[in-house]
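my_file34.tsv (TSV, C-alpha atoms)
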chain	number	residue	atom	x	y	z
C	19	MET	CA	-8.71	-27.79	-19.22
C	20	GLU	CA	-9.74	-24.27	-20.12
C	21	ASN	CA	-13.23	-25.46	-20.93
C	22	ASN	CA	-13.39	-27.44	-17.74
C	23	LEU	CA	-12.46	-24.41	-15.66
C	24	TRP	CA	-15.19	-22.37	-17.27
C	25	ILE	CA	-17.76	-25.05	-16.43
C	26	GLN	CA	-16.46	-25.18	-12.86
C	27	ILE	CA	-16.87	-21.43	-12.48
C	28	LYS	CA	-20.36	-21.63	-13.93
C	29	THR	CA	-21.42	-24.40	-11.56
C	30	TYR	CA	-19.97	-22.44	-8.65
C	31	PHE	CA	-22.09	-19.44	-9.46
C	32	HIS	CA	-25.09	-21.68	-10.06
C	33	ASN	CA	-24.81	-23.39	-6.69
C	34	ASN	CA	-23.28	-20.74	-4.46
C	35	LEU	CA	-24.55	-17.41	-5.73
C	36	GLY	CA	-25.95	-16.58	-2.29
C	37	THR	CA	-22.64	-17.28	-0.55
C	38	PHE	CA	-20.76	-15.26	-3.13
C	39	LEU	CA	-23.04	-12.22	-2.85
C	40	ASN	CA	-22.92	-12.51	0.92
C	41	ALA	CA	-19.11	-12.50	0.82
C	42	VAL	CA	-19.09	-9.39	-1.38
C	43	LYS	CA	-21.61	-7.72	0.93
C	44	GLU	CA	-19.52	-8.53	4.00
C	45	HIS	CA	-16.41	-7.25	2.28
C	46	LEU	CA	-18.01	-3.94	1.40
C	47	GLU	CA	-19.59	-3.65	4.84
C	48	ILE	CA	-16.27	-4.08	6.67
C	49	SER	CA	-14.50	-1.74	4.25
C	50	LEU	CA	-17.08	1.02	4.51
C	51	ILE	CA	-17.36	0.85	8.32
C	52	SER	CA	-13.57	1.00	8.70
C	53	LEU	CA	-13.25	3.76	6.13
C	54	GLY	CA	-15.90	5.83	7.93
C	55	ILE	CA	-14.23	5.46	11.32
C	56	ALA	CA	-10.77	6.06	9.85
C	57	MET	CA	-11.98	9.21	8.09
C	58	ILE	CA	-13.45	10.64	11.30
C	59	ILE	CA	-10.34	9.84	13.37
C	60	GLY	CA	-7.93	10.93	10.65
C	61	ILE	CA	-9.55	14.25	9.84
C	62	VAL	CA	-10.21	15.20	13.48
C	63	CYS	CA	-6.67	14.25	14.56
C	64	GLY	CA	-5.25	16.02	11.52
C	65	TYR	CA	-7.08	19.21	12.41
C	66	LEU	CA	-5.97	18.98	16.04
C	67	CYS	CA	-2.38	18.41	14.88
C	68	VAL	CA	-2.42	21.60	12.85
C	69	LYS	CA	-4.03	23.56	15.65
C	70	HIS	CA	-1.74	22.37	18.41
C	71	LYS	CA	1.83	22.19	17.17
C	72	GLN	CA	3.18	20.16	20.10
C	73	LEU	CA	0.57	17.47	19.44
C	74	GLU	CA	1.80	17.08	15.90
C	75	SER	CA	5.28	16.02	16.92
C	76	LYS	CA	3.69	13.33	19.10
C	77	ILE	CA	0.95	11.94	16.87
C	78	VAL	CA	2.53	12.04	13.41
C	79	PRO	CA	5.61	9.88	14.18
C	80	ILE	CA	3.37	7.20	15.71
C	81	PHE	CA	1.31	6.94	12.56
C	82	GLN	CA	4.37	7.13	10.37
C	83	VAL	CA	5.71	4.04	12.08
C	84	LEU	CA	2.28	2.41	11.84
C	85	ARG	CA	2.29	2.98	8.14
C	86	VAL	CA	5.55	1.06	7.72
C	87	ILE	CA	4.41	-2.03	9.64
C	88	PRO	CA	3.19	-4.79	7.30
C	89	SER	CA	-0.60	-5.02	7.23
C	90	LEU	CA	-0.56	-8.71	8.06
C	91	ALA	CA	1.45	-8.01	11.20
C	92	VAL	CA	-1.06	-5.37	12.32
C	93	LEU	CA	-3.96	-7.73	11.73
C	94	LEU	CA	-2.39	-10.60	13.61
C	95	LEU	CA	-0.94	-8.57	16.49
C	96	LEU	CA	-4.48	-7.66	17.48
C	97	LEU	CA	-5.58	-11.26	17.44
C	98	PRO	CA	-4.29	-12.24	20.92
C	99	ILE	CA	-5.70	-9.02	22.38
C	100	ILE	CA	-9.16	-8.76	20.86
C	101	GLY	CA	-9.75	-12.19	19.38
C	102	THR	CA	-11.15	-13.17	16.03
C	103	GLY	CA	-14.11	-11.80	14.18
C	104	MET	CA	-15.36	-8.69	12.54
C	105	LYS	CA	-14.60	-6.36	15.45
C	106	SER	CA	-10.87	-7.00	15.49
C	107	ALA	CA	-10.77	-6.82	11.69
C	108	VAL	CA	-12.40	-3.40	11.74
C	109	ILE	CA	-10.00	-2.14	14.42
C	110	ALA	CA	-6.99	-3.36	12.44
C	111	LEU	CA	-8.28	-1.85	9.21
C	112	VAL	CA	-8.91	1.48	10.93
C	113	LEU	CA	-5.35	1.44	12.27
C	114	LEU	CA	-4.07	0.83	8.75
C	115	ALA	CA	-6.25	3.47	7.14
C	116	VAL	CA	-5.84	6.36	9.56
C	117	PRO	CA	-2.23	7.30	8.61
C	118	PRO	CA	-2.87	8.32	4.97
C	119	VAL	CA	-5.98	10.32	5.90
C	120	LEU	CA	-4.24	12.00	8.84
C	121	MET	CA	-1.05	12.85	6.96
C	122	ASN	CA	-2.91	14.30	4.02
C	123	THR	CA	-5.21	16.32	6.28
C	124	VAL	CA	-2.21	17.85	8.05
C	125	VAL	CA	-0.47	18.68	4.79
C	126	GLY	CA	-3.71	19.88	3.17
C	127	ILE	CA	-4.63	22.29	5.94
C	128	LYS	CA	-1.06	23.53	6.26
C	129	GLU	CA	-0.81	24.21	2.54
C	130	VAL	CA	-3.72	26.63	2.61
C	131	PRO	CA	-1.98	29.94	1.88
C	132	SER	CA	-1.84	32.14	4.95
C	133	PHE	CA	-2.95	35.24	3.05
C	134	MET	CA	-6.27	33.54	2.35
C	135	ILE	CA	-6.83	32.78	6.01
C	136	GLU	CA	-5.83	36.29	6.95
C	137	SER	CA	-8.18	37.83	4.44
C	138	ALA	CA	-10.95	35.56	5.69
C	139	TYR	CA	-10.34	36.84	9.23
C	140	GLY	CA	-10.14	40.33	7.83
C	141	MET	CA	-13.59	39.94	6.35
C	142	GLY	CA	-14.83	39.27	9.86
C	143	MET	CA	-15.20	35.49	9.76
C	144	THR	CA	-15.17	33.67	13.07
C	145	GLU	CA	-12.72	30.84	13.62
C	146	LYS	CA	-15.43	28.27	12.89
C	147	GLN	CA	-16.32	29.94	9.63
C	148	VAL	CA	-12.69	30.09	8.56
C	149	LEU	CA	-12.38	26.39	9.27
C	150	TRP	CA	-15.52	25.32	7.42
C	151	LYS	CA	-15.58	27.86	4.61
C	152	VAL	CA	-11.90	28.37	3.83
C	153	GLN	CA	-9.55	25.78	5.30
C	154	PHE	CA	-11.52	22.58	4.74
C	155	PRO	CA	-12.73	23.30	1.21
C	156	LEU	CA	-9.20	24.22	0.14
C	157	ALA	CA	-7.66	21.23	1.87
C	158	MET	CA	-10.30	18.90	0.44
C	159	PRO	CA	-8.42	17.67	-2.67
C	160	LEU	CA	-5.47	16.48	-0.59
C	161	ILE	CA	-7.69	14.99	2.11
C	162	PHE	CA	-9.54	13.19	-0.64
C	163	THR	CA	-6.34	11.72	-2.02
C	164	GLY	CA	-5.67	10.40	1.48
C	165	ILE	CA	-9.14	8.84	1.62
C	166	LYS	CA	-8.53	7.21	-1.75
C	167	ILE	CA	-5.26	5.65	-0.59
C	168	ALA	CA	-6.98	4.53	2.61
C	169	MET	CA	-9.85	2.94	0.67
C	170	ILE	CA	-7.51	0.91	-1.54
C	171	GLU	CA	-5.50	-0.13	1.49
C	172	ILE	CA	-8.66	-1.16	3.34
C	173	ILE	CA	-10.09	-3.26	0.52
C	174	ALA	CA	-6.74	-4.99	0.09
C	175	SER	CA	-6.32	-5.70	3.79
C	176	ALA	CA	-9.95	-6.73	4.23
C	177	THR	CA	-9.08	-9.64	1.95
C	178	LEU	CA	-6.41	-10.67	4.42
C	179	ALA	CA	-8.79	-10.12	7.31
C	180	ALA	CA	-10.63	-13.27	6.21
C	181	LYS	CA	-7.72	-15.09	7.86
C	182	ILE	CA	-8.82	-13.75	11.25
C	183	GLY	CA	-12.40	-14.76	10.66
C	184	SER	CA	-14.12	-11.64	9.44
C	185	GLY	CA	-15.53	-13.17	6.26
C	186	GLY	CA	-15.50	-11.36	2.95
C	187	VAL	CA	-14.14	-12.28	-0.45
C	188	GLY	CA	-10.80	-13.24	1.07
C	189	GLU	CA	-12.50	-16.33	2.42
C	190	ILE	CA	-13.14	-17.56	-1.12
C	191	ILE	CA	-9.45	-17.11	-1.95
C	192	PHE	CA	-8.28	-18.87	1.19
C	193	THR	CA	-10.72	-21.73	0.56
C	194	GLY	CA	-9.35	-21.98	-2.98
C	195	LEU	CA	-5.79	-22.05	-1.63
C	196	GLY	CA	-6.69	-24.70	0.91
C	197	LEU	CA	-8.54	-26.95	-1.53
C	198	ASN	CA	-6.22	-26.17	-4.46
C	199	ARG	CA	-9.22	-25.15	-6.56
C	200	THR	CA	-8.35	-22.87	-9.45
C	201	ASP	CA	-11.95	-21.79	-10.03
C	202	LEU	CA	-12.30	-20.43	-6.48
C	203	LEU	CA	-8.93	-18.66	-6.76
C	204	LEU	CA	-9.95	-17.01	-10.01
C	205	ILE	CA	-13.40	-16.00	-8.75
C	206	GLY	CA	-11.98	-14.53	-5.54
C	207	GLY	CA	-9.04	-12.83	-7.21
C	208	ILE	CA	-11.05	-11.27	-10.01
C	209	THR	CA	-13.78	-10.12	-7.61
C	210	VAL	CA	-11.34	-8.38	-5.30
C	211	GLY	CA	-9.48	-6.89	-8.24
C	212	LEU	CA	-12.71	-5.55	-9.71
C	213	LEU	CA	-13.81	-4.21	-6.32
C	214	THR	CA	-10.62	-2.16	-5.95
C	215	ILE	CA	-10.66	-0.89	-9.53
C	216	LEU	CA	-14.36	0.02	-9.36
C	217	SER	CA	-14.04	1.75	-6.01
C	218	SER	CA	-11.03	3.75	-7.16
C	219	LEU	CA	-12.96	4.77	-10.28
C	220	LEU	CA	-15.93	5.78	-8.14
C	221	LEU	CA	-13.69	7.81	-5.85
C	222	GLU	CA	-12.06	9.40	-8.90
C	223	LEU	CA	-15.52	10.52	-10.05
C	224	ILE	CA	-16.34	12.00	-6.65
C	225	ASN	CA	-12.90	13.57	-6.71
C	226	ARG	CA	-13.79	15.47	-9.89
C	227	VAL	CA	-16.70	17.05	-8.03
C	228	VAL	CA	-14.63	17.88	-4.96
C	229	MET	CA	-11.74	19.24	-7.04
C	230	ARG	CA	-13.76	22.29	-7.98
C	231	TYR	CA	-12.21	23.97	-4.98
C	232	LYS	CA	-8.66	23.17	-5.93
C	233	TYR	CA	-6.44	26.15	-5.36
C	234	VAL	CA	-3.98	26.56	-8.19
C	235	LYS	CA	-0.73	28.23	-7.27
C	236	SER	CA	0.21	30.59	-10.04
S	17	MET	CA	8.16	-15.43	24.77
S	18	ILE	CA	11.89	-15.02	25.28
S	19	GLU	CA	12.11	-18.68	26.24
S	20	TYR	CA	10.65	-19.62	22.90
S	21	ALA	CA	13.28	-17.62	21.09
S	22	LEU	CA	16.05	-19.15	23.20
S	23	GLU	CA	14.73	-22.66	22.76
S	24	TYR	CA	14.05	-22.58	19.02
S	25	PRO	CA	16.27	-19.83	17.63
S	26	ASP	CA	16.46	-21.54	14.23
S	27	LYS	CA	12.67	-21.41	13.83
S	28	LEU	CA	12.83	-17.61	13.94
S	29	TYR	CA	16.25	-17.19	12.39
S	30	PHE	CA	15.64	-19.23	9.25
S	31	PRO	CA	12.40	-17.51	8.14
S	32	LEU	CA	14.01	-14.14	8.78
S	33	LEU	CA	16.91	-15.03	6.50
S	34	GLU	CA	14.48	-16.37	3.92
S	35	HIS	CA	12.54	-13.13	4.10
S	36	ILE	CA	15.67	-11.03	3.59
S	37	GLN	CA	16.75	-13.28	0.72
S	38	MET	CA	13.36	-12.81	-0.95
S	39	LEU	CA	13.69	-9.07	-0.40
S	40	PHE	CA	17.10	-8.92	-2.09
S	41	ILE	CA	16.13	-11.04	-5.09
S	42	THR	CA	13.02	-8.93	-5.59
S	43	LEU	CA	14.90	-5.69	-5.19
S	44	ILE	CA	17.60	-6.60	-7.70
S	45	LEU	CA	15.11	-7.86	-10.28
S	46	SER	CA	12.82	-4.85	-9.89
S	47	LEU	CA	15.73	-2.41	-10.15
S	48	ILE	CA	16.86	-4.09	-13.38
S	49	LEU	CA	13.33	-3.99	-14.82
S	50	ALA	CA	12.79	-0.41	-13.66
S	51	SER	CA	16.01	0.79	-15.26
S	52	ILE	CA	15.11	-0.89	-18.56
S	53	LEU	CA	11.69	0.76	-18.46
S	54	THR	CA	13.24	4.12	-17.57
S	55	ILE	CA	15.59	3.94	-20.55
S	56	ILE	CA	12.61	3.18	-22.78
S	57	THR	CA	10.59	6.03	-21.34
S	58	ILE	CA	13.19	8.75	-21.95
S	59	TYR	CA	12.35	8.50	-25.63
S	60	SER	CA	8.64	9.09	-25.19
S	61	GLU	CA	6.73	11.15	-22.66
S	62	SER	CA	3.38	9.50	-23.36
S	63	LEU	CA	4.88	6.02	-22.99
S	64	SER	CA	6.16	6.88	-19.54
S	65	LYS	CA	2.71	8.10	-18.50
S	66	THR	CA	1.15	4.90	-19.83
S	67	PHE	CA	3.62	2.75	-17.90
S	68	VAL	CA	2.99	4.61	-14.65
S	69	TYR	CA	-0.76	4.37	-15.18
S	70	ILE	CA	-0.71	0.63	-15.93
S	71	PHE	CA	1.46	-0.09	-12.92
S	72	SER	CA	-0.70	2.10	-10.69
S	73	VAL	CA	-3.70	-0.04	-11.61
S	74	ILE	CA	-1.72	-3.19	-10.83
S	75	TYR	CA	-0.52	-1.63	-7.57
S	76	SER	CA	-4.08	-0.93	-6.46
S	77	ILE	CA	-5.11	-4.58	-6.83
S	78	PRO	CA	-4.71	-6.40	-3.49
S	79	SER	CA	-1.68	-8.68	-3.36
S	80	LEU	CA	-3.69	-11.70	-2.31
S	81	ALA	CA	-5.87	-11.30	-5.42
S	82	ILE	CA	-2.85	-11.16	-7.73
S	83	PHE	CA	-1.36	-14.19	-5.98
S	84	ALA	CA	-4.66	-16.01	-6.50
S	85	LEU	CA	-4.77	-15.05	-10.17
S	86	LEU	CA	-1.16	-16.08	-10.83
S	87	ILE	CA	-1.29	-19.45	-9.08
S	88	PRO	CA	-2.98	-21.20	-12.04
S	89	LEU	CA	-0.18	-19.90	-14.28
S	90	THR	CA	2.99	-20.15	-12.19
S	91	GLY	CA	1.98	-22.38	-9.30
S	92	LEU	CA	2.61	-21.99	-5.58
S	93	GLY	CA	5.90	-20.89	-4.15
S	94	LYS	CA	8.61	-18.28	-4.33
S	95	THR	CA	8.49	-17.69	-8.10
S	96	THR	CA	4.92	-16.39	-7.99
S	97	ALA	CA	5.67	-14.30	-4.93
S	98	ILE	CA	8.71	-12.68	-6.52
S	99	ILE	CA	6.86	-11.96	-9.80
S	100	VAL	CA	4.09	-10.18	-7.90
S	101	LEU	CA	6.53	-8.26	-5.70
S	102	VAL	CA	8.54	-7.10	-8.72
S	103	LEU	CA	5.34	-5.92	-10.43
S	104	TYR	CA	4.29	-3.98	-7.33
S	105	ASN	CA	7.70	-2.35	-6.99
S	106	GLN	CA	7.60	-1.09	-10.57
S	107	TYR	CA	4.93	1.46	-9.67
S	108	LEU	CA	6.84	2.87	-6.69
S	109	LEU	CA	10.15	2.90	-8.54
S	110	LEU	CA	8.91	4.24	-11.89
S	111	ARG	CA	6.78	6.95	-10.30
S	112	ASN	CA	9.66	8.24	-8.20
S	113	ILE	CA	12.21	7.91	-10.98
S	114	THR	CA	10.11	9.75	-13.58
S	115	GLU	CA	9.21	12.46	-11.10
S	116	GLY	CA	12.82	12.83	-10.02
S	117	LEU	CA	14.05	13.03	-13.60
S	118	LYS	CA	11.46	15.68	-14.38
S	119	GLU	CA	12.53	17.84	-11.43
S	120	VAL	CA	16.04	18.31	-12.84
S	121	ASP	CA	16.68	21.96	-13.60
S	122	PRO	CA	15.93	22.53	-17.30
S	123	ALA	CA	18.87	24.94	-17.52
S	124	VAL	CA	21.26	22.11	-16.72
S	125	THR	CA	19.73	19.68	-19.20
S	126	GLU	CA	19.71	22.31	-21.91
S	127	ALA	CA	23.36	23.05	-21.29
S	128	ALA	CA	24.07	19.33	-21.55
S	129	ILE	CA	22.20	19.07	-24.85
S	130	GLY	CA	24.03	22.19	-25.96
S	131	ILE	CA	27.44	20.59	-25.49
S	132	GLY	CA	26.26	17.72	-27.66
S	133	MET	CA	25.14	14.95	-25.33
S	134	ASN	CA	22.68	12.41	-26.66
S	135	LYS	CA	19.69	11.17	-24.70
S	136	ILE	CA	21.43	8.23	-23.04
S	137	GLN	CA	24.40	10.37	-21.98
S	138	LEU	CA	21.99	13.00	-20.71
S	139	LEU	CA	20.20	10.38	-18.62
S	140	PHE	CA	23.29	8.74	-17.11
S	141	LYS	CA	25.62	11.71	-16.75
S	142	ILE	CA	23.21	14.50	-15.83
S	143	LYS	CA	19.73	13.43	-14.84
S	144	ILE	CA	20.42	10.37	-12.68
S	145	PRO	CA	23.22	11.94	-10.58
S	146	LEU	CA	21.05	15.00	-10.01
S	147	SER	CA	17.92	13.12	-9.05
S	148	LYS	CA	19.45	10.33	-6.99
S	149	LYS	CA	17.58	11.41	-3.87
S	150	ALA	CA	14.16	10.96	-5.46
S	151	ILE	CA	15.25	7.63	-6.91
S	152	PHE	CA	16.48	6.51	-3.53
S	153	THR	CA	13.14	7.43	-1.95
S	154	GLY	CA	11.53	5.10	-4.47
S	155	VAL	CA	13.92	2.32	-3.48
S	156	ARG	CA	13.13	2.86	0.21
S	157	LEU	CA	9.39	2.71	-0.38
S	158	ALA	CA	9.86	-0.39	-2.50
S	159	VAL	CA	11.86	-2.10	0.25
S	160	VAL	CA	9.21	-1.35	2.89
S	161	SER	CA	6.35	-2.49	0.69
S	162	THR	CA	8.24	-5.63	-0.32
S	163	ILE	CA	8.77	-6.58	3.32
S	164	GLY	CA	5.05	-6.09	3.98
S	165	ILE	CA	3.76	-8.00	0.99
S	166	ALA	CA	6.32	-10.77	1.37
S	167	THR	CA	4.69	-11.69	4.69
S	168	ILE	CA	1.44	-12.24	2.81
S	169	ALA	CA	3.28	-14.44	0.32
S	170	ALA	CA	3.62	-17.08	3.04
S	171	PHE	CA	0.01	-18.03	2.30
S	172	ILE	CA	1.10	-19.25	-1.11
S	173	ASN	CA	3.96	-21.20	0.39
S	174	ALA	CA	6.78	-18.78	-0.33
S	175	GLY	CA	8.22	-19.01	3.20
S	176	GLY	CA	9.60	-16.03	5.05
S	177	LEU	CA	8.33	-14.40	8.21
S	178	GLY	CA	4.73	-14.88	7.15
S	179	SER	CA	5.18	-18.61	7.66
S	180	ILE	CA	5.75	-18.03	11.40
S	181	LEU	CA	2.50	-16.04	11.47
S	182	ASN	CA	0.73	-18.71	9.48
S	183	ASP	CA	1.89	-21.52	11.75
S	184	GLY	CA	0.97	-19.53	14.83
S	185	LEU	CA	-2.46	-18.81	13.45
S	186	ARG	CA	-3.13	-22.43	12.59
S	187	THR	CA	-2.04	-23.80	15.95
S	188	VAL	CA	-3.41	-20.84	17.96
S	189	ASN	CA	0.07	-20.22	19.30
S	190	THR	CA	0.09	-16.65	20.59
S	191	VAL	CA	3.84	-16.62	21.17
S	192	LYS	CA	4.48	-17.53	17.55
S	193	ILE	CA	2.02	-14.94	16.24
S	194	LEU	CA	3.67	-12.28	18.40
S	195	TRP	CA	7.19	-13.23	17.32
S	196	GLY	CA	6.20	-13.26	13.66
S	197	SER	CA	4.50	-9.87	13.87
S	198	ILE	CA	7.29	-8.31	15.89
S	199	LEU	CA	9.98	-9.58	13.54
S	200	ALA	CA	8.07	-8.45	10.44
S	201	ALA	CA	7.31	-5.05	11.93
S	202	GLY	CA	10.85	-4.70	13.25
S	203	LEU	CA	12.39	-5.58	9.92
S	204	ALA	CA	10.19	-3.02	8.15
S	205	ILE	CA	10.76	-0.26	10.70
S	206	GLY	CA	14.48	-0.98	10.95
S	207	SER	CA	15.17	-0.98	7.24
S	208	ASN	CA	13.02	2.13	6.80
S	209	ALA	CA	15.02	3.92	9.50
S	210	ILE	CA	18.39	2.88	8.10
S	211	LEU	CA	17.46	3.80	4.54
S	212	SER	CA	16.01	7.16	5.64
S	213	LYS	CA	19.29	7.98	7.37
S	214	TRP	CA	21.16	7.02	4.25
S	215	GLU	CA	18.78	9.05	2.13
S	216	GLN	CA	19.39	12.17	4.16
S	217	ARG	CA	23.11	11.85	3.66
S	218	LEU	CA	22.75	11.84	-0.15
Please, can you express the file's structure as structure tokens?
Amino acid sequence: MENNLWIQIKTYFHNNLGTFLNAVKEHLEISLISLGIAMIIGIVCGYLCVKHKQLESKIVPIFQVLRVIPSLAVLLLLLPIIGTGMKSAVIALVLLAVPPVLMNTVVGIKEVPSFMIESAYGMGMTEKQVLWKVQFPLAMPLIFTGIKIAMIEIIASATLAAKIGSGGVGEIIFTGLGLNRTDLLLIGGITVGLLTILSSLLLELINRVVMRYKYVKS
Amino acid sequence: MIEYALEYPDKLYFPLLEHIQMLFITLILSLILASILTIITIYSESLSKTFVYIFSVIYSIPSLAIFALLIPLTGLGKTTAIIVLVLYNQYLLLRNITEGLKEVDPAVTEAAIGIGMNKIQLLFKIKIPLSKKAIFTGVRLAVVSTIGIATIAAFINAGGLGSILNDGLRTVNTVKILWGSILAAGLAIGSNAILSKWEQRL
């Protein structure tokens, strides 16, 4: 049985290497596009939330609720509105990924000690300079944690997005479920697992570089 | 939409009950496992870090992938779903429990050791009562994540609200998809709200 499975996996890769690589490519493509959009929306909204206090009480609760809703429900709720395909998958993934980025941006910028901002103003920095040279670099570690959570969430949900016709590695898993083929299940499962672990390792490495700015409270 | 619910109430009611049942079984099992692991970890700091790290890696793997990997071992159905859900919950529970236990004022724990308590007494009589809020936050997060992932478990034939979604998707029945999503979202939001209220009162 064990031997048989191994042969099955080998033949799969022999015959369908193109399909497999295409699925991985699609998966990464969807994940990266959604992550990019989510980062832009999350960081911009987060900054606006900190700047305008009354906006914060409106935006943050919405995303807090959004974070609680199961990812499958978000994916499928969009289906009747936008239809199937990559576009609706990307929109759903962005909706799922914005909350962690936004929350962490708000907390990150707020946690910048006020004496630092004051001394930056005191040195004659303009508001733009304070934002780019003091607030963002100091908030970066927390924002980055948010991006990391968002990335893991996106890769996980992109697997589910195969159900609404966006392609990706999830398709291999669903085909395996449908045909009751253990080899496809294993290939799909291991690939997605490796993708998440590798991407979180990669982000951890980038994190080390970004963390240089980490402000340590004494 | 409302007509559908009035005409076939059992088709919505039964999966909802099944979902809640799955949630309770998972919650009880994961609490038991988490408390065993917590008792083990009070004896060794490095062991507790290792546990949290291992479970964080498991937590980062998408649920569908773990389902796919476990199907050859445990087959389709509720058993697989509950195993995966319990594994996922361990990260949320252990992380919050260990952090909560660490936050306890060292003066209090030292006084407890000073009057001659051993490690188990210290844990049950001092640390857990003092950190129940952090522990409860872990339980709340675990409940919400269980409700979410349990909908995905319908793909491996575990039933629950995900099965409404699955049926709706297969037959392109918008009403069913909407009901499934609304019930799943409502259950998650509702239980989160109730547990948050409860948490504040602690």
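Within 7 Å of chain C, chain S contributes the residues Ser76, Ile77, Pro78, Ala81, Ile82, Ala84, Leu85, Pro88, Val160, Gly164, Thr167, Ile168, Thr190, Ile193, Leu194, Ser197, Ala200, Ala201, Ala204 and Ile205 of chain S, using only C-alpha atoms.
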Selected residue, from S:Leu28, S:Val159, S:Ile74, S:Leu53, that lies nearest to Asp183 in chain S when counting only C-alpha atoms: S:Leu28
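The spacing separating CA of Phe83 in chain S from CA of Leu39 in chain S amounts to 16.8 Å.
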Contacts of Gly186 in chain C at 7 Å (only C-alpha atoms; same-chain gap of 6+ positions) as a VMD selection string: chain C and resid 41 to 42 44 to 45 177 180
Length of the CA of Ala150 in chain S to CA of Val78 in chain C vector [Å]: 22.2 Å
C:Asn225, C:Ser184, C:Ser137, C:Gln153 ranked by distance to Lys166 in chain C, top pick (using all atoms listed in the file): C:Asn225
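Take CA of Thr193 in chain C and CA of His32 in chain C: the distance between them is 17.9 Å.
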Test item: which residues lie within 6 Å of (17.4, 14.0, -13.9) counting all atoms listed in the file, as a PyMOL selection string: chain S and resi 117+120+143-144+146-147
Non-local contacts of range 176-180 of chain S (9 Å; all atoms listed in the file; under 5 positions in same chain excluded) as number ranges by chain: C: 90-91; S: 27-28, 30-38, 166-171, 185, 192-193, 195-197, 199-200
For the selection you just gave me, I'd like the residues written to a file as a PDB file, in the coordinates of the input, keeping C-alpha atoms.
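Saved as selection_7.pdb:
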ATOM      1  CA  LEU C  90      -0.560  -8.710   8.060  1.00  0.00           C
ATOM      2  CA  ALA C  91       1.450  -8.010  11.200  1.00  0.00           C
TER       3      ALA C  91
ATOM      4  CA  LYS S  27      12.670 -21.410  13.830  1.00  0.00           C
ATOM      5  CA  LEU S  28      12.830 -17.610  13.940  1.00  0.00           C
ATOM      6  CA  PHE S  30      15.640 -19.230   9.250  1.00  0.00           C
ATOM      7  CA  PRO S  31      12.400 -17.510   8.140  1.00  0.00           C
ATOM      8  CA  LEU S  32      14.010 -14.140   8.780  1.00  0.00           C
ATOM      9  CA  LEU S  33      16.910 -15.030   6.500  1.00  0.00           C
ATOM     10  CA  GLU S  34      14.480 -16.370   3.920  1.00  0.00           C
ATOM     11  CA  HIS S  35      12.540 -13.130   4.100  1.00  0.00           C
ATOM     12  CA  ILE S  36      15.670 -11.030   3.590  1.00  0.00           C
ATOM     13  CA  GLN S  37      16.750 -13.280   0.720  1.00  0.00           C
ATOM     14  CA  MET S  38      13.360 -12.810  -0.950  1.00  0.00           C
ATOM     15  CA  ALA S 166       6.320 -10.770   1.370  1.00  0.00           C
ATOM     16  CA  THR S 167       4.690 -11.690   4.690  1.00  0.00           C
ATOM     17  CA  ILE S 168       1.440 -12.240   2.810  1.00  0.00           C
ATOM     18  CA  ALA S 169       3.280 -14.440   0.320  1.00  0.00           C
ATOM     19  CA  ALA S 170       3.620 -17.080   3.040  1.00  0.00           C
ATOM     20  CA  PHE S 171       0.010 -18.030   2.300  1.00  0.00           C
ATOM     21  CA  LEU S 185      -2.460 -18.810  13.450  1.00  0.00           C
ATOM     22  CA  LYS S 192       4.480 -17.530  17.550  1.00  0.00           C
ATOM     23  CA  ILE S 193       2.020 -14.940  16.240  1.00  0.00           C
ATOM     24  CA  TRP S 195       7.190 -13.230  17.320  1.00  0.00           C
ATOM     25  CA  GLY S 196       6.200 -13.260  13.660  1.00  0.00           C
ATOM     26  CA  SER S 197       4.500  -9.870  13.870  1.00  0.00           C
ATOM     27  CA  LEU S 199       9.980  -9.580  13.540  1.00  0.00           C
ATOM     28  CA  ALA S 200       8.070  -8.450  10.440  1.00  0.00           C
TER      29      ALA S 200
END
From C:Trp24, C:Tyr139, C:Phe162, C:Phe81, residue lying nearest Pro117 in chain C [all atoms listed in the file]: C:Phe81
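Here the question is which of S:Arg156, S:Ser62, S:Ile44, S:Lys118 gets nearest to Gln216 in chain S using all atoms listed in the file, and that residue is S:Arg156.
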Expected answer as a PyMOL selection string: all residues with atoms within 12 Å of (16.1, 9.2, -4.5), only C-alpha atoms: chain S and resi 108-117+119+143-158+211-212+214-218
So that I can look at just that part, could you write range 192-197 of chain S with N, CA and C atoms, as an mmCIF file, in the first residue's frame?
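Dumped to part-v1.cif:
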data_model
loop_
_atom_site.group_PDB
_atom_site.id
_atom_site.type_symbol
_atom_site.label_atom_id
_atom_site.label_comp_id
_atom_site.auth_asym_id
_atom_site.auth_seq_id
_atom_site.Cartn_x
_atom_site.Cartn_y
_atom_site.Cartn_z
ATOM 1 N N LYS S 192 -29.519 29.154 -0.402
ATOM 2 C CA LYS S 192 -28.843 28.260 0.541
ATOM 3 C C LYS S 192 -27.476 28.803 0.927
ATOM 4 N N ILE S 193 -26.736 29.301 -0.085
ATOM 5 C CA ILE S 193 -25.409 29.862 0.215
ATOM 6 C C ILE S 193 -25.546 30.997 1.221
ATOM 7 N N LEU S 194 -26.540 31.874 0.956
ATOM 8 C CA LEU S 194 -26.727 33.020 1.849
ATOM 9 C C LEU S 194 -27.074 32.566 3.260
ATOM 10 N N TRP S 195 -28.024 31.605 3.368
ATOM 11 C CA TRP S 195 -28.406 31.149 4.701
ATOM 12 C C TRP S 195 -27.221 30.542 5.432
ATOM 13 N N GLY S 196 -26.457 29.706 4.702
ATOM 14 C CA GLY S 196 -25.301 29.079 5.341
ATOM 15 C C GLY S 196 -24.314 30.117 5.840
ATOM 16 N N SER S 197 -24.000 31.096 4.968
ATOM 17 C CA SER S 197 -23.020 32.117 5.376
ATOM 18 C C SER S 197 -23.532 32.930 6.541
#
